[in-house]
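entry.csv, holding CSV, C-alpha atoms:
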```csv
chain,number,residue,atom,x,y,z
A,25,MET,CA,-100.6,153.6,-29.2
A,26,ASN,CA,-102.4,150.2,-28.8
A,27,GLN,CA,-101.6,146.6,-29.3
A,28,SER,CA,-102.6,146.6,-32.9
A,29,ASN,CA,-99.4,148.6,-33.6
A,30,LEU,CA,-97.3,145.7,-32.4
A,31,GLN,CA,-95.9,142.9,-34.6
A,32,THR,CA,-98.4,140.0,-34.4
A,33,VAL,CA,-97.1,137.0,-32.6
A,34,ASP,CA,-98.2,133.5,-33.6
A,35,TRP,CA,-98.5,132.1,-30.1
A,36,SER,CA,-99.2,128.7,-31.5
A,37,ALA,CA,-95.6,128.6,-32.6
A,38,ILE,CA,-94.2,129.5,-29.1
A,39,PRO,CA,-94.1,126.8,-26.4
A,40,ALA,CA,-96.5,127.5,-23.5
A,41,PRO,CA,-95.1,127.3,-20.0
A,42,GLU,CA,-96.5,124.6,-17.7
A,43,ASP,CA,-97.5,125.1,-14.1
A,44,ASP,CA,-94.6,123.7,-12.2
A,45,GLY,CA,-96.1,124.7,-8.8
A,46,ALA,CA,-93.3,127.2,-8.2
A,47,ALA,CA,-95.9,130.0,-7.4
A,48,ALA,CA,-98.3,127.9,-5.3
A,49,HIS,CA,-97.0,129.4,-2.0
A,50,LEU,CA,-97.7,133.0,-2.9
A,51,THR,CA,-101.5,133.4,-2.5
A,52,GLY,CA,-102.1,134.9,1.0
A,53,ALA,CA,-98.4,135.8,1.5
A,54,ARG,CA,-97.4,139.3,2.7
A,55,MET,CA,-95.2,141.4,0.5
A,56,PRO,CA,-91.8,141.8,2.2
A,57,ASP,CA,-90.4,145.1,3.2
A,58,VAL,CA,-88.4,145.5,0.0
A,59,THR,CA,-87.7,148.7,-1.8
A,60,LEU,CA,-87.0,148.7,-5.6
A,61,SER,CA,-85.8,151.4,-7.9
A,62,ALA,CA,-88.3,152.6,-10.5
A,63,THR,CA,-87.8,153.9,-14.0
A,64,ASP,CA,-89.5,157.2,-13.0
A,65,GLY,CA,-86.7,157.8,-10.4
A,66,ALA,CA,-88.7,156.8,-7.4
A,67,ASP,CA,-88.0,154.1,-4.9
A,68,VAL,CA,-91.0,151.9,-4.3
A,69,ALA,CA,-91.5,150.2,-0.9
A,70,LEU,CA,-93.5,147.2,-1.9
A,71,GLY,CA,-94.4,146.2,1.7
A,72,GLY,CA,-96.0,149.6,2.1
A,73,LEU,CA,-98.4,149.5,-0.8
A,74,ARG,CA,-102.0,150.3,0.1
A,75,GLY,CA,-105.2,149.6,-1.7
A,76,TRP,CA,-105.3,147.3,-4.8
A,77,SER,CA,-102.0,146.8,-6.6
A,78,VAL,CA,-101.0,144.8,-9.6
A,79,LEU,CA,-97.4,143.6,-10.0
A,80,PHE,CA,-96.6,141.8,-13.2
A,81,PHE,CA,-93.3,140.1,-13.5
A,82,TYR,CA,-91.6,139.3,-16.8
A,83,PRO,CA,-88.3,137.7,-17.8
A,84,MET,CA,-86.8,140.6,-19.8
A,85,THR,CA,-87.7,143.1,-22.5
A,86,GLY,CA,-85.7,143.0,-25.7
A,87,ARG,CA,-84.2,146.1,-27.1
A,88,PRO,CA,-83.9,147.0,-30.8
A,89,ASP,CA,-80.1,147.3,-30.5
A,90,VAL,CA,-79.5,144.1,-28.5
A,91,ALA,CA,-79.9,140.6,-29.7
A,92,LEU,CA,-82.1,138.3,-27.6
A,93,PRO,CA,-80.5,135.2,-26.1
A,94,ASP,CA,-80.1,132.3,-28.6
A,95,GLY,CA,-83.3,130.2,-28.7
A,96,TRP,CA,-85.3,132.8,-26.8
A,97,ASP,CA,-88.6,132.0,-28.5
A,98,GLN,CA,-88.3,128.3,-27.7
A,99,ILE,CA,-87.9,128.8,-24.0
A,100,PRO,CA,-91.5,128.2,-22.6
A,101,GLY,CA,-92.9,131.5,-21.3
A,102,ALA,CA,-89.9,133.7,-22.3
A,103,ARG,CA,-91.4,135.4,-25.4
A,104,GLY,CA,-94.0,138.2,-24.9
A,105,CYS,CA,-92.7,140.8,-22.5
A,106,THR,CA,-93.4,143.7,-24.8
A,107,PRO,CA,-96.9,142.5,-25.7
A,108,GLN,CA,-97.7,142.0,-22.0
A,109,SER,CA,-96.4,145.4,-21.0
A,110,CYS,CA,-98.3,147.1,-23.9
A,111,ALA,CA,-101.5,145.3,-22.9
A,112,PHE,CA,-101.1,146.7,-19.3
A,113,ARG,CA,-100.4,150.1,-20.9
A,114,ASP,CA,-103.6,149.9,-22.9
A,115,LEU,CA,-105.7,148.9,-20.0
A,116,SER,CA,-104.0,151.0,-17.3
A,117,ARG,CA,-106.8,153.6,-17.1
A,118,ASP,CA,-109.5,150.8,-17.0
A,119,LEU,CA,-107.6,149.2,-14.1
A,120,THR,CA,-107.5,152.5,-12.2
A,121,ASP,CA,-111.2,152.8,-12.8
A,122,CYS,CA,-111.6,149.3,-11.2
A,123,GLY,CA,-109.8,150.4,-8.1
A,124,VAL,CA,-106.1,149.6,-8.9
A,125,SER,CA,-104.0,152.3,-7.2
A,126,ALA,CA,-100.6,150.9,-8.2
A,127,LEU,CA,-99.4,149.1,-11.3
A,128,TYR,CA,-95.8,148.0,-11.8
A,129,GLY,CA,-93.9,145.8,-14.1
A,130,ILE,CA,-90.9,144.0,-12.5
A,131,SER,CA,-87.9,142.3,-14.0
A,132,THR,CA,-84.3,141.6,-13.0
A,133,GLN,CA,-83.0,144.0,-15.6
A,134,THR,CA,-81.3,147.2,-14.4
A,135,THR,CA,-83.2,150.5,-14.1
A,136,PRO,CA,-81.3,152.1,-17.0
A,137,TYR,CA,-82.1,149.1,-19.2
A,138,GLN,CA,-85.7,149.3,-18.2
A,139,GLN,CA,-85.9,153.0,-18.8
A,140,GLU,CA,-85.3,152.5,-22.5
A,141,ALA,CA,-88.3,150.1,-22.7
A,142,ALA,CA,-90.5,152.3,-20.6
A,143,ALA,CA,-89.8,155.3,-22.9
A,144,ARG,CA,-90.0,153.3,-26.2
A,145,LEU,CA,-93.3,151.6,-25.2
A,146,HIS,CA,-94.8,154.8,-23.7
A,147,LEU,CA,-95.7,153.1,-20.5
A,148,PRO,CA,-97.8,155.2,-18.1
A,149,PHE,CA,-96.5,153.2,-15.1
A,150,ALA,CA,-93.0,152.5,-13.8
A,151,LEU,CA,-91.0,149.4,-14.2
A,152,LEU,CA,-89.2,148.2,-11.1
A,153,SER,CA,-85.7,146.6,-11.1
A,154,ASP,CA,-85.0,143.6,-9.0
A,155,ALA,CA,-81.5,143.3,-10.4
A,156,GLU,CA,-80.1,142.3,-6.9
A,157,LEU,CA,-82.8,139.6,-6.6
A,158,THR,CA,-83.9,141.0,-3.3
A,159,LEU,CA,-87.7,140.6,-3.9
A,160,THR,CA,-87.2,137.4,-6.0
A,161,GLU,CA,-85.4,135.7,-3.1
A,162,ALA,CA,-87.7,137.1,-0.3
A,163,LEU,CA,-90.8,135.7,-2.1
A,164,SER,CA,-89.1,132.6,-3.6
A,165,LEU,CA,-90.3,133.7,-7.0
A,166,PRO,CA,-90.0,131.2,-9.8
A,167,THR,CA,-86.9,131.9,-12.0
A,168,LEU,CA,-85.1,130.6,-15.0
A,169,ARG,CA,-81.4,130.9,-16.0
A,170,VAL,CA,-80.5,132.0,-19.5
A,171,GLU,CA,-77.0,132.8,-20.7
A,172,GLY,CA,-75.8,133.4,-17.1
A,173,MET,CA,-78.8,135.7,-16.2
A,174,VAL,CA,-81.3,134.9,-13.5
A,175,LEU,CA,-84.7,135.9,-14.9
A,176,ILE,CA,-88.1,135.9,-13.2
A,177,LYS,CA,-90.7,133.6,-14.8
A,178,ARG,CA,-93.8,135.5,-16.0
A,179,LEU,CA,-96.4,135.9,-13.2
A,180,THR,CA,-98.8,138.5,-11.9
A,181,LEU,CA,-99.7,139.3,-8.3
A,182,ILE,CA,-102.8,141.2,-7.3
A,183,LEU,CA,-102.4,142.7,-3.8
A,184,ARG,CA,-104.8,144.2,-1.4
A,185,ASP,CA,-102.6,146.4,0.8
A,186,ASP,CA,-99.5,144.2,1.5
A,187,ARG,CA,-101.2,140.8,1.1
A,188,ILE,CA,-101.2,138.8,-2.2
A,189,GLN,CA,-104.9,138.1,-3.1
A,190,LYS,CA,-104.5,136.5,-6.5
A,191,VAL,CA,-101.6,134.9,-8.5
A,192,PHE,CA,-101.6,134.4,-12.2
A,193,TYR,CA,-99.1,131.7,-13.1
A,194,PRO,CA,-98.2,130.5,-15.6
A,195,ILE,CA,-99.3,133.1,-18.0
A,196,PHE,CA,-99.9,132.4,-21.7
A,197,PRO,CA,-100.3,134.1,-24.0
A,198,PRO,CA,-98.8,137.1,-22.3
A,199,ASP,CA,-100.8,139.7,-24.2
A,200,ARG,CA,-104.0,138.4,-22.6
A,201,ASN,CA,-102.8,138.8,-19.0
A,202,ALA,CA,-103.9,142.4,-18.5
A,203,ALA,CA,-107.5,141.4,-19.7
A,204,ASP,CA,-107.5,138.5,-17.2
A,205,VAL,CA,-106.4,140.9,-14.4
A,206,MET,CA,-109.2,143.3,-15.5
A,207,ASP,CA,-111.7,140.4,-15.3
A,208,PHE,CA,-110.6,139.6,-11.8
A,209,MET,CA,-110.8,143.2,-10.6
A,210,ARG,CA,-114.3,143.6,-12.1
A,211,GLY,CA,-115.5,140.3,-10.5
A,212,ARG,CA,-114.0,140.8,-7.0
```
Rewrite the structure of this file - the entire thing - as structure tokens.
Amino acid sequence: MNQSNLQTVDWSAIPAPEDDGAAAHLTGARMPDVTLSATDGADVALGGLRGWSVLFFYPMTGRPDVALPDGWDQIPGARGCTPQSCAFRDLSRDLTDCGVSALYGISTQTTPYQQEAAARLHLPFALLSDAELTLTEALSLPTLRVEGMVLIKRLTLILRDDRIQKVFYPIFPPDRNAADVMDFMRGR
């Protein structure tokens, strides 16, 4: 399965997020000693990652049987979690070939909710749940509130061991993020 199988999104009709400076403090920071549950049943200790790792954060994936929040497409940066995840899926082997030893998608959705998306999208990597906001608070990640939910704004961190080397924020359009990460890994 590749991105061409996805419904085409007209990104020009979606408002782009602006850089609000909410991720400026992350470059050079160390990952905290936080463990998150993964869709593959593992617990992932983020402070213990070694080698090159890519962590992409997204607000939430939609489900075919659940309506998205009202006005979702008009919230800057909200739309595009599935295209972003599928782009990472499609480039996951290439990222491994470039030295990435760990690739995870992270949201504040619960692990059971994420398991549906991981299976439906045929993701070769696990999604991690920060439903308790442990990592979000420890790193002071940028968030948005929608219909009573605290969601992480879309950003991607590239780590070398436990230190953040590169931050992509804001990200738009989301389906190009994996290619931008690939370019960084090739050029490092």
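Distances from A:Ala162, A:Ile176, A:Met206, A:Leu151 to Asp57 of chain A were compared using only C-alpha atoms, and the smallest one belongs to A:Ala162.
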Please build the interface table for segment 45-94 of chain A against segment 131-141 of chain A with a cut-off of 12 Å, listing for each qualifying residue the nearest atom pair and the distance in Å to one decimal; count all atoms listed in the file, order rows by chain and increasing number, and write it as CSV.
```
residue,atom,partner,partner_atom,distance
A:Leu60,CA,A:Thr135,CA,9.5
A:Ser61,CA,A:Thr135,CA,6.8
A:Ala62,CA,A:Thr135,CA,6.6
A:Thr63,CA,A:Gln139,CA,5.2
A:Asp64,CA,A:Gln139,CA,8.0
A:Gly65,CA,A:Thr135,CA,8.9
A:Ala66,CA,A:Thr135,CA,10.7
A:Asp67,CA,A:Thr135,CA,11.0
A:Leu79,CA,A:Ser131,CA,10.4
A:Phe80,CA,A:Ser131,CA,8.8
A:Phe81,CA,A:Ser131,CA,5.9
A:Tyr82,CA,A:Ser131,CA,5.5
A:Pro83,CA,A:Ser131,CA,6.0
A:Met84,CA,A:Ser131,CA,6.1
A:Thr85,CA,A:Ala141,CA,7.0
A:Gly86,CA,A:Ala141,CA,8.1
A:Arg87,CA,A:Ala141,CA,7.2
A:Pro88,CA,A:Ala141,CA,9.7
A:Asp89,CA,A:Glu140,CA,10.9
A:Val90,CA,A:Tyr137,CA,10.9
```
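The closest residue to Arg54 of chain A, picked from A:Pro198, A:Gly95, A:Ile182, A:Asp34 and counting all atoms listed in the file, is A:Ile182.
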| request: Identify, on the basis of only C-alpha atoms, every residue whose closest approach to Asp43 of chain A does not exceed 10 Å; exclude the query and any residue fewer than 6 positions from it along the same chain; express the result as a count of residues only. | output: 3
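Among A:Gly104, A:Gly75, A:Gly52, A:Pro93, the residue with the shortest atom-to-atom distance to Met173 of chain A, counting all atoms listed in the file, is A:Pro93.
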| task | Take atom CA of Val68 of chain A and atom CA of Met55 of chain A and report the distance between them in Å, one decimal. | result | 12.3 Å
| query | Which residue out of A:Gly123, A:Pro41, A:Gly71, A:Pro148 has the minimum interatomic distance to Ile99 of chain A when all atoms listed in the file are used? | reply | A:Pro41
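Relative to atom CA of Gly129 of chain A, atom CA of Leu147 of chain A is found at 9.9 Å.
Using all atoms listed in the file, the nearest neighbour of Phe149 of chain A within the list A:Ile130, A:Ala40, A:Val58, A:Cys122 is A:Ile130.
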